[in-house]
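Below is coords07.txt, which holds compact mmCIF, C-alpha atoms.
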```txt
# COMPACT_ATOMS: atom_id res chain seq x y z
CA MET A 1 -124.27 179.32 -23.03
CA GLN A 2 -124.85 177.48 -19.77
CA LYS A 3 -124.87 173.70 -20.01
CA LYS A 4 -128.18 171.94 -19.52
CA LYS A 5 -128.15 169.43 -16.69
CA ILE A 6 -129.54 165.97 -17.42
CA VAL A 7 -130.24 163.22 -14.91
CA PHE A 8 -130.45 159.76 -16.46
CA LEU A 9 -132.56 156.92 -15.04
CA GLY A 10 -132.12 153.56 -16.68
CA SER A 11 -131.15 149.92 -16.82
CA LYS A 12 -130.80 146.96 -19.20
CA PRO A 13 -128.70 147.00 -22.40
CA ILE A 14 -130.89 149.67 -24.03
CA GLY A 15 -130.39 151.98 -21.04
CA TYR A 16 -126.65 151.39 -21.18
CA GLU A 17 -126.42 152.15 -24.91
CA CYS A 18 -128.53 155.30 -24.59
CA LEU A 19 -126.39 156.59 -21.72
CA ALA A 20 -123.21 155.76 -23.65
CA TYR A 21 -124.48 157.78 -26.61
CA MET A 22 -125.44 160.69 -24.39
CA ILE A 23 -121.94 160.68 -22.88
CA SER A 24 -120.35 160.61 -26.34
CA GLN A 25 -122.36 163.67 -27.40
CA LYS A 26 -122.22 165.75 -24.22
CA ASP A 27 -119.67 168.28 -25.47
CA LEU A 28 -121.35 168.69 -28.85
CA LEU A 29 -124.77 169.11 -27.22
CA ASN A 30 -123.44 171.32 -24.41
CA ILE A 31 -124.94 169.16 -21.66
CA GLU A 32 -123.84 167.97 -18.24
CA ILE A 33 -124.94 164.53 -17.09
CA SER A 34 -125.31 165.40 -13.45
CA GLY A 35 -126.40 162.02 -12.14
CA VAL A 36 -127.32 158.41 -12.97
CA LEU A 37 -129.86 156.30 -11.11
CA THR A 38 -129.97 152.60 -11.96
CA HIS A 39 -130.29 149.17 -10.40
CA SER A 40 -128.02 146.20 -10.94
CA ARG A 41 -129.16 143.51 -13.37
CA LYS A 42 -126.75 140.59 -12.96
CA GLU A 43 -128.11 138.76 -16.00
CA PHE A 44 -126.63 141.44 -18.27
CA GLY A 45 -123.14 141.34 -16.73
CA ASN A 46 -120.57 144.13 -16.56
CA ALA A 47 -120.83 144.72 -20.31
CA HIS A 48 -124.07 146.64 -19.71
CA ASP A 49 -123.57 147.86 -16.15
CA LEU A 50 -124.58 151.52 -15.95
CA THR A 51 -122.75 151.94 -12.64
CA VAL A 52 -119.47 150.97 -14.32
CA LEU A 53 -120.15 153.29 -17.26
CA ALA A 54 -120.99 156.20 -14.98
CA GLY A 55 -117.86 155.58 -12.90
CA GLU A 56 -115.64 155.56 -15.97
CA HIS A 57 -116.87 159.06 -16.82
CA ASP A 58 -117.00 160.48 -13.27
CA ILE A 59 -120.78 160.82 -13.32
CA PRO A 60 -122.31 160.82 -9.82
CA LEU A 61 -124.48 157.83 -8.93
CA ILE A 62 -127.84 158.52 -7.28
CA ASN A 63 -129.04 156.01 -4.71
CA SER A 64 -132.82 156.46 -4.92
CA LEU A 65 -135.59 158.58 -6.37
CA SER A 66 -135.78 160.48 -3.10
CA GLU A 67 -132.27 161.79 -3.77
CA LEU A 68 -132.90 163.14 -7.27
CA PRO A 69 -131.21 166.51 -7.75
CA ASP A 70 -132.79 169.44 -9.56
CA CYS A 71 -132.00 169.40 -13.27
CA ASP A 72 -133.19 170.64 -16.64
CA ILE A 73 -134.09 167.26 -18.15
CA LEU A 74 -134.90 163.96 -16.45
CA TYR A 75 -134.57 161.08 -18.93
CA SER A 76 -135.80 157.55 -18.17
CA VAL A 77 -134.90 154.50 -20.26
CA GLN A 78 -136.18 151.19 -18.85
CA TYR A 79 -136.10 152.43 -15.26
CA HIS A 80 -138.07 150.04 -13.05
CA GLU A 81 -139.90 152.42 -10.69
CA VAL A 82 -142.91 154.61 -11.43
CA LEU A 83 -142.10 158.27 -10.93
CA LYS A 84 -144.35 160.36 -8.69
CA GLN A 85 -145.12 164.02 -9.31
CA GLU A 86 -142.47 165.08 -6.81
CA HIS A 87 -139.86 163.28 -8.92
CA ILE A 88 -141.19 164.61 -12.22
CA ASP A 89 -141.00 168.14 -10.88
CA LYS A 90 -137.24 167.87 -10.33
CA ALA A 91 -136.78 168.71 -14.03
CA LYS A 92 -137.54 172.33 -14.84
CA GLN A 93 -137.63 171.73 -18.62
CA ILE A 94 -139.11 168.23 -19.12
CA THR A 95 -139.19 164.65 -17.81
CA VAL A 96 -139.33 161.99 -20.52
CA ASN A 97 -139.37 158.24 -20.99
CA LEU A 98 -138.27 155.97 -23.84
CA HIS A 99 -141.02 153.36 -23.98
CA MET A 100 -140.25 150.35 -26.18
CA ALA A 101 -143.71 150.09 -27.67
CA PRO A 102 -146.16 152.21 -29.63
CA LEU A 103 -148.44 154.46 -27.62
CA PRO A 104 -151.25 154.75 -26.76
CA GLU A 105 -152.08 151.11 -27.56
CA TYR A 106 -149.38 149.42 -25.46
CA ARG A 107 -148.79 151.00 -22.07
CA GLY A 108 -147.11 149.05 -19.30
CA ALA A 109 -145.27 145.72 -19.63
CA ASN A 110 -145.09 142.63 -21.90
CA GLN A 111 -146.05 144.75 -24.90
CA PHE A 112 -144.16 142.52 -27.37
CA SER A 113 -146.09 139.43 -26.33
CA PHE A 114 -149.50 141.05 -26.48
CA ALA A 115 -148.86 142.52 -29.94
CA ILE A 116 -148.15 139.01 -31.27
CA ILE A 117 -151.08 137.46 -29.40
CA GLU A 118 -153.40 140.09 -30.84
CA GLY A 119 -152.09 139.54 -34.36
CA LYS A 120 -150.93 143.13 -34.83
CA LYS A 121 -149.28 144.05 -38.11
CA GLU A 122 -147.45 147.10 -36.75
CA PHE A 123 -145.34 147.89 -33.71
CA GLY A 124 -143.09 150.75 -32.66
CA THR A 125 -141.25 152.72 -30.01
CA THR A 126 -142.08 156.01 -28.33
CA ILE A 127 -140.47 158.88 -26.45
CA HIS A 128 -143.12 160.57 -24.33
CA LYS A 129 -143.46 163.11 -21.59
CA ILE A 130 -143.88 161.55 -18.17
CA ASP A 131 -146.92 162.46 -16.12
CA SER A 132 -148.37 160.88 -12.98
CA ARG A 133 -150.00 157.98 -14.91
CA ILE A 134 -148.20 154.96 -16.40
CA ASP A 135 -146.97 155.64 -19.97
CA HIS A 136 -149.71 158.25 -20.35
CA GLY A 137 -147.96 161.55 -21.14
CA ASP A 138 -147.84 163.42 -24.43
CA ILE A 139 -145.96 161.76 -27.30
CA LEU A 140 -142.87 163.69 -28.40
CA PHE A 141 -141.32 161.28 -30.90
CA GLN A 142 -142.40 157.92 -32.28
CA LYS A 143 -141.21 155.36 -34.81
CA ARG A 144 -143.50 152.63 -36.16
CA PHE A 145 -142.57 149.62 -38.27
CA PRO A 146 -144.25 146.48 -39.65
CA ILE A 147 -144.20 143.23 -37.69
CA PRO A 148 -142.86 140.41 -39.87
CA GLU A 149 -145.20 137.51 -40.56
CA ASN A 150 -145.01 134.71 -37.97
CA CYS A 151 -142.74 136.87 -35.80
CA TRP A 152 -141.40 135.46 -32.53
CA VAL A 153 -141.23 137.61 -29.41
CA GLY A 154 -137.42 137.64 -29.33
CA ASP A 155 -137.31 138.89 -32.91
CA LEU A 156 -139.83 141.63 -32.20
CA TYR A 157 -137.80 142.68 -29.17
CA LYS A 158 -134.67 142.97 -31.32
CA LEU A 159 -136.46 145.04 -33.96
CA THR A 160 -137.81 147.32 -31.25
CA TYR A 161 -134.44 147.57 -29.52
CA ASP A 162 -132.78 148.77 -32.72
CA ALA A 163 -135.59 151.21 -33.50
CA SER A 164 -135.53 152.55 -29.93
CA LEU A 165 -131.80 153.19 -29.91
CA ASN A 166 -132.03 154.92 -33.28
CA LEU A 167 -134.94 157.06 -32.12
CA PHE A 168 -133.05 158.07 -28.98
CA ARG A 169 -129.99 159.06 -30.98
CA GLN A 170 -131.92 160.92 -33.68
CA THR A 171 -134.04 162.96 -31.28
CA LEU A 172 -131.73 163.79 -28.37
CA VAL A 173 -130.63 167.11 -29.85
CA HIS A 174 -134.24 168.05 -30.59
CA LEU A 175 -135.34 167.20 -27.06
CA ILE A 176 -132.57 169.30 -25.54
CA ASN A 177 -133.46 172.24 -27.79
CA ASP A 178 -137.23 171.98 -27.18
CA ASN A 179 -137.71 171.21 -30.86
CA TYR A 180 -140.76 168.92 -30.95
CA LYS A 181 -144.54 168.90 -31.06
CA ALA A 182 -146.17 167.25 -28.06
CA VAL A 183 -149.18 165.16 -29.09
CA PRO A 184 -151.68 164.16 -26.36
CA GLN A 185 -152.30 160.43 -26.49
CA GLU A 186 -156.03 161.01 -26.35
CA LEU A 187 -155.84 162.30 -29.93
CA LEU A 188 -154.64 158.88 -31.08
CA THR A 189 -156.86 156.51 -29.09
CA ALA A 190 -159.64 156.45 -31.70
CA LYS A 191 -157.15 155.21 -34.32
CA TYR A 192 -154.99 152.87 -32.25
CA GLY A 193 -156.97 152.06 -29.10
CA VAL A 194 -155.41 151.94 -25.65
CA SER A 195 -154.34 149.21 -23.23
CA LEU A 196 -152.29 148.87 -20.06
CA HIS A 197 -150.58 145.57 -19.24
CA TYR A 198 -148.74 144.43 -16.11
CA LYS A 199 -145.86 142.00 -15.59
CA LYS A 200 -148.06 139.69 -13.52
CA GLU A 201 -150.16 138.91 -16.63
CA MET A 202 -147.28 136.98 -18.19
CA ALA A 203 -147.85 133.87 -16.06
CA ALA A 204 -151.35 133.36 -17.44
CA ILE A 205 -150.54 133.80 -21.13
CA LYS A 206 -147.77 131.16 -20.97
CA ILE A 207 -150.36 128.43 -20.40
CA ILE A 208 -151.26 126.78 -23.73
CA ASP A 209 -154.70 125.15 -23.94
CA LEU A 210 -154.50 122.05 -26.15
CA GLU A 211 -158.14 122.56 -27.16
CA TRP A 212 -157.23 125.78 -28.98
CA ASP A 213 -156.91 125.62 -32.74
CA LYS A 214 -153.43 125.29 -34.23
CA GLU A 215 -153.11 128.94 -35.24
CA LYS A 216 -153.93 130.22 -31.76
CA MET A 217 -151.54 127.80 -30.07
CA GLU A 218 -148.72 128.80 -32.42
CA ARG A 219 -149.45 132.50 -31.84
CA TYR A 220 -149.27 132.15 -28.05
CA ILE A 221 -146.11 130.05 -28.27
CA ARG A 222 -144.40 132.63 -30.50
CA ALA A 223 -145.55 135.38 -28.13
CA THR A 224 -144.19 133.85 -24.93
CA SER A 225 -141.02 131.98 -25.95
CA MET A 226 -138.56 134.61 -24.73
CA PRO A 227 -134.96 133.39 -24.29
CA GLY A 228 -133.90 133.52 -20.64
CA PHE A 229 -137.41 133.04 -19.28
CA GLU A 230 -139.62 130.02 -18.62
CA PRO A 231 -141.06 128.79 -21.93
CA PRO A 232 -144.80 128.44 -22.55
CA TYR A 233 -146.30 125.14 -21.46
CA CYS A 234 -149.36 122.96 -21.31
CA ILE A 235 -150.44 120.82 -18.37
CA ILE A 236 -150.91 117.07 -18.88
CA ASP A 237 -151.77 114.82 -15.94
CA GLY A 238 -150.86 117.63 -13.59
CA LYS A 239 -147.39 118.11 -15.07
CA LYS A 240 -145.96 121.02 -17.02
CA ILE A 241 -144.89 120.15 -20.56
CA HIS A 242 -142.84 123.01 -21.99
CA PHE A 243 -142.75 124.09 -25.61
CA THR A 244 -139.19 124.86 -26.67
CA GLY A 245 -137.40 125.82 -29.86
CA GLN A 246 -138.15 128.30 -32.63
```
Full structure transcribed into structure tokens:
Amino acid sequence: MQKKKIVFLGSKPIGYECLAYMISQKDLLNIEISGVLTHSRKEFGNAHDLTVLAGEHDIPLINSLSELPDCDILYSVQYHEVLKQEHIDKAKQITVNLHMAPLPEYRGANQFSFAIIEGKKEFGTTIHKIDSRIDHGDILFQKRFPIPENCWVGDLYKLTYDASLNLFRQTLVHLINDNYKAVPQELLTAKYGVSLHYKKEMAAIKIIDLEWDKEKMERYIRATSMPGFEPPYCIIDGKKIHFTGQ
């Protein structure tokens, strides 16, 4: 049987771990990883550098979306650019994305923060078909889990990271073999709602209003205190006063 060709788009530690798993299973799954497209993230160091991983396994590096080769499956995990239809069409079988949030209610960015701000009791991770709209395509696989009480954003990220990696590993063989039921997101909007958030929204939700009640202030602080990023803050006499610690 001819090997299926997969092109992998990704970054960050989750992208690295998913690619590493795909490489480890390529003979068993009868696949060829015919290219990797990524971008360097210095904050993660060489330990999660997809260019190093690809080089160690003689996988060709792709320089840009315009150079995508034809393939059977195009798989995106935390890739930073939005794919256009011309990119999606490079895959003759399917183009998919691992989105670290439940769909349809959390499309776009900063999904962990908004789930905590909104007091959600449940979160999740989703593998969906990519179409021309952001995080809009049919759901192929999804895992949901409860959000612990008084959860901080870093803890929710870790829970979602683990669930996402497990979902990727458990479903890769089914994706390759076309063994799934595609569910249009529109069928789930009545139950879960729908939203689309952008990275630029993060600046506004970090500002803590001291006139809020205690519960709201704590919720926003838990939602925006992500290690490695500017902490939430209030403004007193024109100066930023940061909230730190968990």
So that I can see what lies close to Ser11 (chain A), please list as a list in words the residues with an atom at most 7 Å from it, counting all atoms listed in the file and leaving out residues fewer than 4 positions away in the same chain.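 Once the adjacent positions are removed, what remains is Gly15, Tyr16, Thr38, His39, Leu50, Val77, Gln78 and Tyr79 of chain A.
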Please save C-alpha atoms of the selected residues as an mmCIF file, in the frame of the given file.
```
data_model
loop_
_atom_site.group_PDB
_atom_site.id
_atom_site.type_symbol
_atom_site.label_atom_id
_atom_site.label_comp_id
_atom_site.auth_asym_id
_atom_site.auth_seq_id
_atom_site.Cartn_x
_atom_site.Cartn_y
_atom_site.Cartn_z
ATOM 1 C CA GLY A 15 -130.390 151.980 -21.040
ATOM 2 C CA TYR A 16 -126.650 151.390 -21.180
ATOM 3 C CA THR A 38 -129.970 152.600 -11.960
ATOM 4 C CA HIS A 39 -130.290 149.170 -10.400
ATOM 5 C CA LEU A 50 -124.580 151.520 -15.950
ATOM 6 C CA VAL A 77 -134.900 154.500 -20.260
ATOM 7 C CA GLN A 78 -136.180 151.190 -18.850
ATOM 8 C CA TYR A 79 -136.100 152.430 -15.260
#
```
Per-residue nearest contacts region 45-124 of chain A to region 171-194 of chain A, cut-off 10 Å, using all atoms listed in the file, as a tab-separated table:
```
residue	atom	partner	partner_atom	distance
A:Asp72	CA	A:Ile176	CA	9.0
A:Ile73	CA	A:Ile176	CA	7.8
A:Gln93	CA	A:Asp178	CA	8.6
A:Ile94	CA	A:Leu175	CA	8.8
A:Val96	CA	A:Leu175	CA	9.3
A:Pro102	CA	A:Tyr192	CA	9.2
A:Leu103	CA	A:Gln185	CA	7.2
A:Pro104	CA	A:Val194	CA	5.1
A:Glu105	CA	A:Val194	CA	3.9
A:Tyr106	CA	A:Val194	CA	6.5
A:Arg107	CA	A:Val194	CA	7.6
```
So, with all atoms listed in the file as the atoms that count, which of A:Glu215, A:Asp27, A:Leu140, A:His197 lies closest to Gln2 (chain A)?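 Ranked by minimum distance to Gln2 (chain A), first place goes to A:Asp27.
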Contacts of Asp209 (chain A) at 9 Å (only C-alpha atoms; same-chain gap of 2+ positions) as an NGL selection string: :A and (207 or 211-212 or 217 or 233-235)
Polymer residues at most 12 Å from (-132.2, 151.3, -34.7) by only C-alpha atoms, as a compact mmCIF listing (two decimals) with C-alpha atoms, in the frame of the given file:
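Below you can see out_27.txt, which holds the result:
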```txt
# COMPACT_ATOMS: atom_id res chain seq x y z
CA ILE A 14 -130.89 149.67 -24.03
CA GLU A 17 -126.42 152.15 -24.91
CA CYS A 18 -128.53 155.30 -24.59
CA MET A 100 -140.25 150.35 -26.18
CA GLY A 124 -143.09 150.75 -32.66
CA THR A 125 -141.25 152.72 -30.01
CA LYS A 143 -141.21 155.36 -34.81
CA ARG A 144 -143.50 152.63 -36.16
CA PHE A 145 -142.57 149.62 -38.27
CA TYR A 157 -137.80 142.68 -29.17
CA LYS A 158 -134.67 142.97 -31.32
CA LEU A 159 -136.46 145.04 -33.96
CA THR A 160 -137.81 147.32 -31.25
CA TYR A 161 -134.44 147.57 -29.52
CA ASP A 162 -132.78 148.77 -32.72
CA ALA A 163 -135.59 151.21 -33.50
CA SER A 164 -135.53 152.55 -29.93
CA LEU A 165 -131.80 153.19 -29.91
CA ASN A 166 -132.03 154.92 -33.28
CA LEU A 167 -134.94 157.06 -32.12
CA PHE A 168 -133.05 158.07 -28.98
CA ARG A 169 -129.99 159.06 -30.98
CA GLN A 170 -131.92 160.92 -33.68
```
Report, in Å with one decimal, the straight-line distance from CA of Leu98 (chain A) to CA of Tyr198 (chain A).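 CA of Tyr198 (chain A) lies 17.4 Å from CA of Leu98 (chain A).
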